[in-house]
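**Student:** Hey, dropping entry_29.cif in here, mmCIF, C-alpha atoms and all ligand atoms:
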```cif
data_work
#
loop_
_atom_site.group_PDB
_atom_site.id
_atom_site.type_symbol
_atom_site.label_atom_id
_atom_site.label_comp_id
_atom_site.auth_asym_id
_atom_site.auth_seq_id
_atom_site.Cartn_x
_atom_site.Cartn_y
_atom_site.Cartn_z
ATOM 1 C CA MET A 27 161.342 35.252 84.193
ATOM 2 C CA SER A 28 160.097 36.287 87.617
ATOM 3 C CA SER A 29 160.092 39.980 86.729
ATOM 4 C CA GLY A 30 158.215 39.224 83.510
ATOM 5 C CA GLN A 31 155.609 37.331 85.466
ATOM 6 C CA GLY A 32 155.327 40.143 87.958
ATOM 7 C CA LEU A 33 154.809 42.650 85.197
ATOM 8 C CA TYR A 34 152.161 40.492 83.569
ATOM 9 C CA LYS A 35 150.412 40.070 86.901
ATOM 10 C CA ASN A 36 150.366 43.802 87.572
ATOM 11 C CA ASP A 37 149.157 44.647 84.091
ATOM 12 C CA SER A 38 146.236 42.281 84.215
ATOM 13 C CA THR A 39 145.229 42.581 87.858
ATOM 14 C CA LEU A 40 145.024 46.336 88.191
ATOM 15 C CA PRO A 41 142.643 47.133 85.338
ATOM 16 C CA ARG A 42 140.597 44.030 86.093
ATOM 17 C CA SER A 43 140.016 44.928 89.728
ATOM 18 C CA HIS A 44 139.166 48.460 88.652
ATOM 19 C CA ARG A 45 136.722 47.135 86.055
ATOM 20 C CA MET A 46 135.155 44.780 88.610
ATOM 21 C CA THR A 47 134.514 47.648 90.999
ATOM 22 C CA ARG A 48 132.836 49.767 88.357
ATOM 23 C CA GLN A 49 130.714 46.861 87.115
ATOM 24 C CA CYS A 50 129.761 46.008 90.654
ATOM 25 C CA GLY A 51 128.755 49.597 91.308
ATOM 26 C CA VAL A 52 126.639 49.825 88.159
ATOM 27 C CA ILE A 53 124.882 46.536 88.973
ATOM 28 C CA LEU A 54 124.116 47.695 92.500
ATOM 29 C CA LYS A 55 122.847 51.063 91.300
ATOM 30 C CA GLU A 56 120.601 49.500 88.655
ATOM 31 C CA LEU A 57 119.246 46.983 91.148
ATOM 32 C CA ARG A 58 118.396 49.723 93.627
ATOM 33 C CA ARG A 59 116.982 52.157 91.093
ATOM 34 C CA GLU A 60 113.616 50.373 90.946
ATOM 35 C CA ASN A 61 112.459 47.963 93.552
ATOM 36 C CA SER A 62 111.317 45.368 91.049
ATOM 37 C CA HIS A 63 113.248 42.335 92.398
ATOM 38 C CA PRO A 64 114.620 41.336 88.977
ATOM 39 C CA SER A 65 116.104 38.014 87.958
ATOM 40 C CA ALA A 66 119.774 38.028 86.914
ATOM 41 C CA ASP A 67 118.675 38.009 83.249
ATOM 42 C CA GLU A 68 116.408 41.009 83.678
ATOM 43 C CA LEU A 69 119.130 42.913 85.477
ATOM 44 C CA TYR A 70 121.617 41.942 82.779
ATOM 45 C CA ASP A 71 119.386 43.611 80.160
ATOM 46 C CA LYS A 72 119.363 46.830 82.172
ATOM 47 C CA VAL A 73 123.083 46.838 82.975
ATOM 48 C CA ARG A 74 123.947 46.138 79.336
ATOM 49 C CA ARG A 75 122.517 49.522 78.346
ATOM 50 C CA ILE A 76 125.228 51.153 80.467
ATOM 51 C CA LEU A 77 128.005 48.571 80.032
ATOM 52 C CA PRO A 78 127.384 47.074 76.577
ATOM 53 C CA ARG A 79 130.314 44.654 76.815
ATOM 54 C CA ILE A 80 129.378 43.067 80.126
ATOM 55 C CA SER A 81 128.545 39.350 80.072
ATOM 56 C CA LEU A 82 125.750 37.539 81.869
ATOM 57 C CA ALA A 83 128.371 35.500 83.751
ATOM 58 C CA THR A 84 129.936 38.713 85.073
ATOM 59 C CA VAL A 85 126.548 39.950 86.228
ATOM 60 C CA TYR A 86 125.984 36.642 88.047
ATOM 61 C CA ARG A 87 129.443 36.769 89.636
ATOM 62 C CA ASN A 88 128.979 40.327 90.856
ATOM 63 C CA LEU A 89 125.507 39.571 92.202
ATOM 64 C CA GLU A 90 126.953 36.697 94.238
ATOM 65 C CA LYS A 91 129.692 39.000 95.471
ATOM 66 C CA LEU A 92 127.177 41.669 96.522
ATOM 67 C CA CYS A 93 125.159 38.984 98.337
ATOM 68 C CA ASP A 94 128.284 37.810 100.159
ATOM 69 C CA LEU A 95 129.007 41.393 101.173
ATOM 70 C CA GLY A 96 125.472 41.684 102.588
ATOM 71 C CA LEU A 97 124.618 44.630 100.319
ATOM 72 C CA ILE A 98 121.783 42.855 98.501
ATOM 73 C CA GLN A 99 119.632 39.764 98.978
ATOM 74 C CA LYS A 100 118.864 36.769 96.806
ATOM 75 C CA HIS A 101 115.353 35.330 97.070
ATOM 76 C CA GLU A 102 113.971 32.032 95.899
ATOM 77 C CA PHE A 103 110.274 32.642 95.443
ATOM 78 C CA SER A 104 108.195 29.574 94.760
ATOM 79 C CA GLY A 105 108.071 28.646 91.108
ATOM 80 C CA THR A 106 110.348 31.452 89.843
ATOM 81 C CA SER A 107 114.054 31.822 89.144
ATOM 82 C CA ASN A 108 116.213 33.556 91.753
ATOM 83 C CA ARG A 109 115.346 37.201 92.220
ATOM 84 C CA PHE A 110 117.604 39.919 93.548
ATOM 85 C CA ASP A 111 116.708 42.620 96.041
ATOM 86 C CA GLY A 112 118.616 45.866 96.529
ATOM 87 C CA VAL A 113 117.296 46.195 100.068
ATOM 88 C CA PRO A 114 119.662 44.348 102.406
ATOM 89 C CA GLU A 115 117.343 44.399 105.451
ATOM 90 C CA GLN A 116 114.942 41.507 105.954
ATOM 91 C CA HIS A 117 111.386 42.207 104.798
ATOM 92 C CA TYR A 118 108.339 40.397 103.441
ATOM 93 C CA HIS A 119 107.157 40.243 99.860
ATOM 94 C CA ILE A 120 103.975 39.858 97.897
ATOM 95 C CA ARG A 121 104.127 37.986 94.589
ATOM 96 C CA CYS A 122 101.578 38.031 91.781
ATOM 97 C CA THR A 123 100.699 34.406 91.036
ATOM 98 C CA CYS A 124 99.843 35.369 87.461
ATOM 99 C CA CYS A 125 102.882 37.368 86.224
ATOM 100 C CA ASP A 126 105.392 36.764 89.098
ATOM 101 C CA ARG A 127 105.736 40.472 89.813
ATOM 102 C CA VAL A 128 107.231 40.874 93.293
ATOM 103 C CA GLU A 129 106.867 43.878 95.562
ATOM 104 C CA ASP A 130 107.871 44.601 99.132
ATOM 105 C CA ALA A 131 104.976 43.973 101.494
ATOM 106 C CA PRO A 132 104.545 47.082 103.639
ATOM 107 C CA VAL A 133 103.862 45.219 106.889
ATOM 108 C CA GLU A 134 105.912 44.840 110.032
ATOM 109 C CA MET A 135 108.023 41.726 110.514
ATOM 110 C CA PHE A 136 106.931 39.174 113.110
ATOM 111 C CA GLN A 137 109.474 39.747 115.846
ATOM 112 C CA ASN A 138 108.571 36.948 118.232
ATOM 113 C CA ILE A 139 107.780 34.127 115.848
ATOM 114 C CA GLU A 140 111.338 32.779 115.775
ATOM 115 C CA LYS A 141 111.641 32.946 119.550
ATOM 116 C CA GLN A 142 108.372 31.085 119.919
ATOM 117 C CA LEU A 143 109.524 28.389 117.539
ATOM 118 C CA SER A 144 112.920 28.116 119.252
ATOM 119 C CA GLN A 145 111.110 27.226 122.446
ATOM 120 C CA ALA A 146 108.920 24.672 120.687
ATOM 121 C CA THR A 147 111.524 22.840 118.586
ATOM 122 C CA THR A 148 114.944 21.266 118.895
ATOM 123 C CA PHE A 149 116.000 23.116 115.716
ATOM 124 C CA LYS A 150 118.263 26.102 116.001
ATOM 125 C CA VAL A 151 116.066 28.727 114.302
ATOM 126 C CA ILE A 152 118.095 31.114 112.156
ATOM 127 C CA GLY A 153 115.355 32.947 110.275
ATOM 128 C CA HIS A 154 112.023 32.727 108.556
ATOM 129 C CA ARG A 155 110.480 33.475 105.195
ATOM 130 C CA LEU A 156 107.005 34.661 104.488
ATOM 131 C CA GLU A 157 105.690 35.167 100.985
ATOM 132 C CA PHE A 158 102.290 36.722 100.390
ATOM 133 C CA VAL A 159 100.610 35.828 97.121
ATOM 134 C CA GLY A 160 97.898 37.610 95.195
ATOM 135 C CA LEU A 161 97.116 39.349 91.926
ATOM 136 C CA CYS A 162 98.781 42.609 90.910
ATOM 137 C CA PRO A 163 96.471 45.409 89.645
ATOM 138 C CA ALA A 164 97.293 44.702 85.981
ATOM 139 C CA CYS A 165 96.563 40.995 86.291
ATOM 140 C CA SER A 166 93.401 41.399 88.337
ATOM 141 C CA ASP A 167 92.037 43.814 85.693
ATOM 142 C CA HIS A 168 93.004 41.414 82.954
ATOM 143 C CA MET A 169 91.537 38.390 84.699
ATOM 144 C CA VAL A 170 88.284 39.970 85.854
ATOM 145 C CA SER A 171 87.176 41.280 82.450
ATOM 146 C CA PRO A 172 87.246 38.040 80.415
ATOM 147 C CA GLY A 173 85.830 36.158 83.410
ATOM 148 C CA LEU A 174 82.873 38.501 83.687
ATOM 149 C CA GLU A 175 82.309 38.372 79.961
ATOM 150 C CA LYS A 176 82.126 34.585 80.110
ATOM 151 C CA LEU A 177 79.783 34.787 83.058
ATOM 152 C CA TYR A 178 77.445 37.152 81.212
ATOM 153 C CA ARG A 179 77.479 34.969 78.136
ATOM 154 C CA LYS A 180 76.686 31.911 80.259
ATOM 155 C CA LYS A 181 73.850 33.732 81.966
ATOM 156 C CA ALA A 182 72.443 34.870 78.628
ATOM 157 C CA GLY A 183 72.688 31.311 77.316
ATOM 158 C CA ASN A 184 70.910 29.893 80.364
ATOM 159 C CA LYS A 185 68.173 32.421 79.953
ATOM 160 C CA GLN A 186 67.628 31.386 76.370
ATOM 161 C CA ILE A 187 67.372 27.732 77.357
ATOM 162 C CA SER A 188 65.074 28.326 80.305
ATOM 163 C CA THR A 189 62.653 30.597 78.428
HETATM 164 ZN ZN ZN B 201 100.505 40.287 87.833
HETATM 165 ZN ZN ZN B 202 112.251 43.246 98.624
#
```
Translate the structure described by the file into structure tokens.

**Tutor:**
Amino acid sequence: MSSGQGLYKNDSTLPRSHRMTRQCGVILKELRRENSHPSADELYDKVRRILPRISLATVYRNLEKLCDLGLIQKHEFSGTSNRFDGVPEQHYHIRCTCCDRVEDAPVEMFQNIEKQLSQATTFKVIGHRLEFVGLCPACSDHMVSPGLEKLYRKKAGNKQIST
């Protein structure tokens, strides 16, 4: 009985751990390929092209594992589902309020802000988050054109009334 159990254990554990490592590697590679800060669902769609049999649950599990290992980061941006970041170092982001596209903000981190707060509060400060918001180029193009059109139409209308 014990030897049978041992055999079963070996048979199932070895390939599984091997599979986990490969899946984990593919997920990490896909996450780092573009710096688009995808949600787990978006990443799942990409990973599925390479590993067609992978499940969403497996993607979630591996993402958590990679977070625990400090290889990636999980962000909770306001109003969006969790997004994953292949860059493990702390950095700021800018998010489009229209389409939720997130990019790294190429600015330096505030080094002294936590120290300043530590001196001013009884909290033990362990970090800070800063999210810039704005409109991405695609959305600002899209939003400006119909807006201007409306403005012109309004102006034309006013003219007609006033004259
Ligand atoms: Zn946008
Ligand atoms: Zn980032």

**Student:** Please evaluate the PyMOL selection byres (((chain A and resi 103) around 10) and not hetatm) against the structure above and give the resulting residues as number ranges by chain.

**Tutor:** A: 100-102, 104-109, 119-121, 126, 128, 155-157

**Student:** For the selection just defined, write its residues with C-alpha atoms to a file, as a tab-separated table (two decimals), keeping the file's coordinate frame.

**Tutor:**
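Dumped everything to selection.tsv:
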```tsv
chain	number	residue	atom	x	y	z
A	100	LYS	CA	118.86	36.77	96.81
A	101	HIS	CA	115.35	35.33	97.07
A	102	GLU	CA	113.97	32.03	95.90
A	104	SER	CA	108.20	29.57	94.76
A	105	GLY	CA	108.07	28.65	91.11
A	106	THR	CA	110.35	31.45	89.84
A	107	SER	CA	114.05	31.82	89.14
A	108	ASN	CA	116.21	33.56	91.75
A	109	ARG	CA	115.35	37.20	92.22
A	119	HIS	CA	107.16	40.24	99.86
A	120	ILE	CA	103.98	39.86	97.90
A	121	ARG	CA	104.13	37.99	94.59
A	126	ASP	CA	105.39	36.76	89.10
A	128	VAL	CA	107.23	40.87	93.29
A	155	ARG	CA	110.48	33.48	105.20
A	156	LEU	CA	107.00	34.66	104.49
A	157	GLU	CA	105.69	35.17	100.98
```

**Student:** How close does each residue of chain A get to ligand ZN 201 (chain B), giving the shortest atom pair and distance in Å to one decimal for every residue with an atom at most 6 Å away, counting only C-alpha atoms and all ligand atoms, sorted by chain and residue number, as JSON lines?

**Tutor:**
```
{"residue": "A:Cys122", "atom": "CA", "partner": "B:ZN201", "partner_atom": "ZN", "distance": 4.7}
{"residue": "A:Cys124", "atom": "CA", "partner": "B:ZN201", "partner_atom": "ZN", "distance": 5.0}
{"residue": "A:Cys125", "atom": "CA", "partner": "B:ZN201", "partner_atom": "ZN", "distance": 4.1}
{"residue": "A:Arg127", "atom": "CA", "partner": "B:ZN201", "partner_atom": "ZN", "distance": 5.6}
{"residue": "A:Leu161", "atom": "CA", "partner": "B:ZN201", "partner_atom": "ZN", "distance": 5.4}
{"residue": "A:Cys162", "atom": "CA", "partner": "B:ZN201", "partner_atom": "ZN", "distance": 4.2}
{"residue": "A:Ala164", "atom": "CA", "partner": "B:ZN201", "partner_atom": "ZN", "distance": 5.8}
{"residue": "A:Cys165", "atom": "CA", "partner": "B:ZN201", "partner_atom": "ZN", "distance": 4.3}
```

**Student:** Please return as a ChimeraX atom specification the residues found within 9 Å of ligand ZN 202 (chain B), counting all atoms listed in the file.

**Tutor:** /A:61-63,99,101,110-120,128-131

**Student:** At what distance in Å, to one decimal, does CA of Val85 (chain A) lie from CA of Asp67 (chain A)?

**Tutor:**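 Between CA of Asp67 (chain A) and CA of Val85 (chain A) the gap works out to 8.6 Å.
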
**Student:** Which neighbours of Leu77 (chain A) fall inside 12 Å, counting only C-alpha atoms, when residues of the same chain fewer than 3 positions from it are skipped, and could you give them as a PyMOL selection string?

**Tutor:** chain A and resi 45-46+48-53+56+69-74+80-82+84-85

**Student:** Any chance you can output those residues with C-alpha atoms as a compact mmCIF listing (two decimals), in the coordinates of the input?

**Tutor:**
```
# COMPACT_ATOMS: atom_id res chain seq x y z
CA ARG A 45 136.72 47.14 86.06
CA MET A 46 135.16 44.78 88.61
CA ARG A 48 132.84 49.77 88.36
CA GLN A 49 130.71 46.86 87.12
CA CYS A 50 129.76 46.01 90.65
CA GLY A 51 128.76 49.60 91.31
CA VAL A 52 126.64 49.82 88.16
CA ILE A 53 124.88 46.54 88.97
CA GLU A 56 120.60 49.50 88.66
CA LEU A 69 119.13 42.91 85.48
CA TYR A 70 121.62 41.94 82.78
CA ASP A 71 119.39 43.61 80.16
CA LYS A 72 119.36 46.83 82.17
CA VAL A 73 123.08 46.84 82.98
CA ARG A 74 123.95 46.14 79.34
CA ILE A 80 129.38 43.07 80.13
CA SER A 81 128.54 39.35 80.07
CA LEU A 82 125.75 37.54 81.87
CA THR A 84 129.94 38.71 85.07
CA VAL A 85 126.55 39.95 86.23
```

**Student:** Edge lengths and centre in Å to one decimal, as lines of an AutoDock Vina configuration file, of the axis-aligned box that encloses all listed atoms of region 139-158 of chain A with 3 Å added on every side?

**Tutor:**
```
center_x = 110.3
center_y = 29.0
center_z = 111.4
size_x = 22.0
size_y = 21.5
size_z = 28.1
```

**Student:** Using only C-alpha atoms, which of A:Leu95, A:Thr148, A:Arg59, A:Gly153 sits nearest Phe136 (chain A)?

**Tutor:** A:Gly153
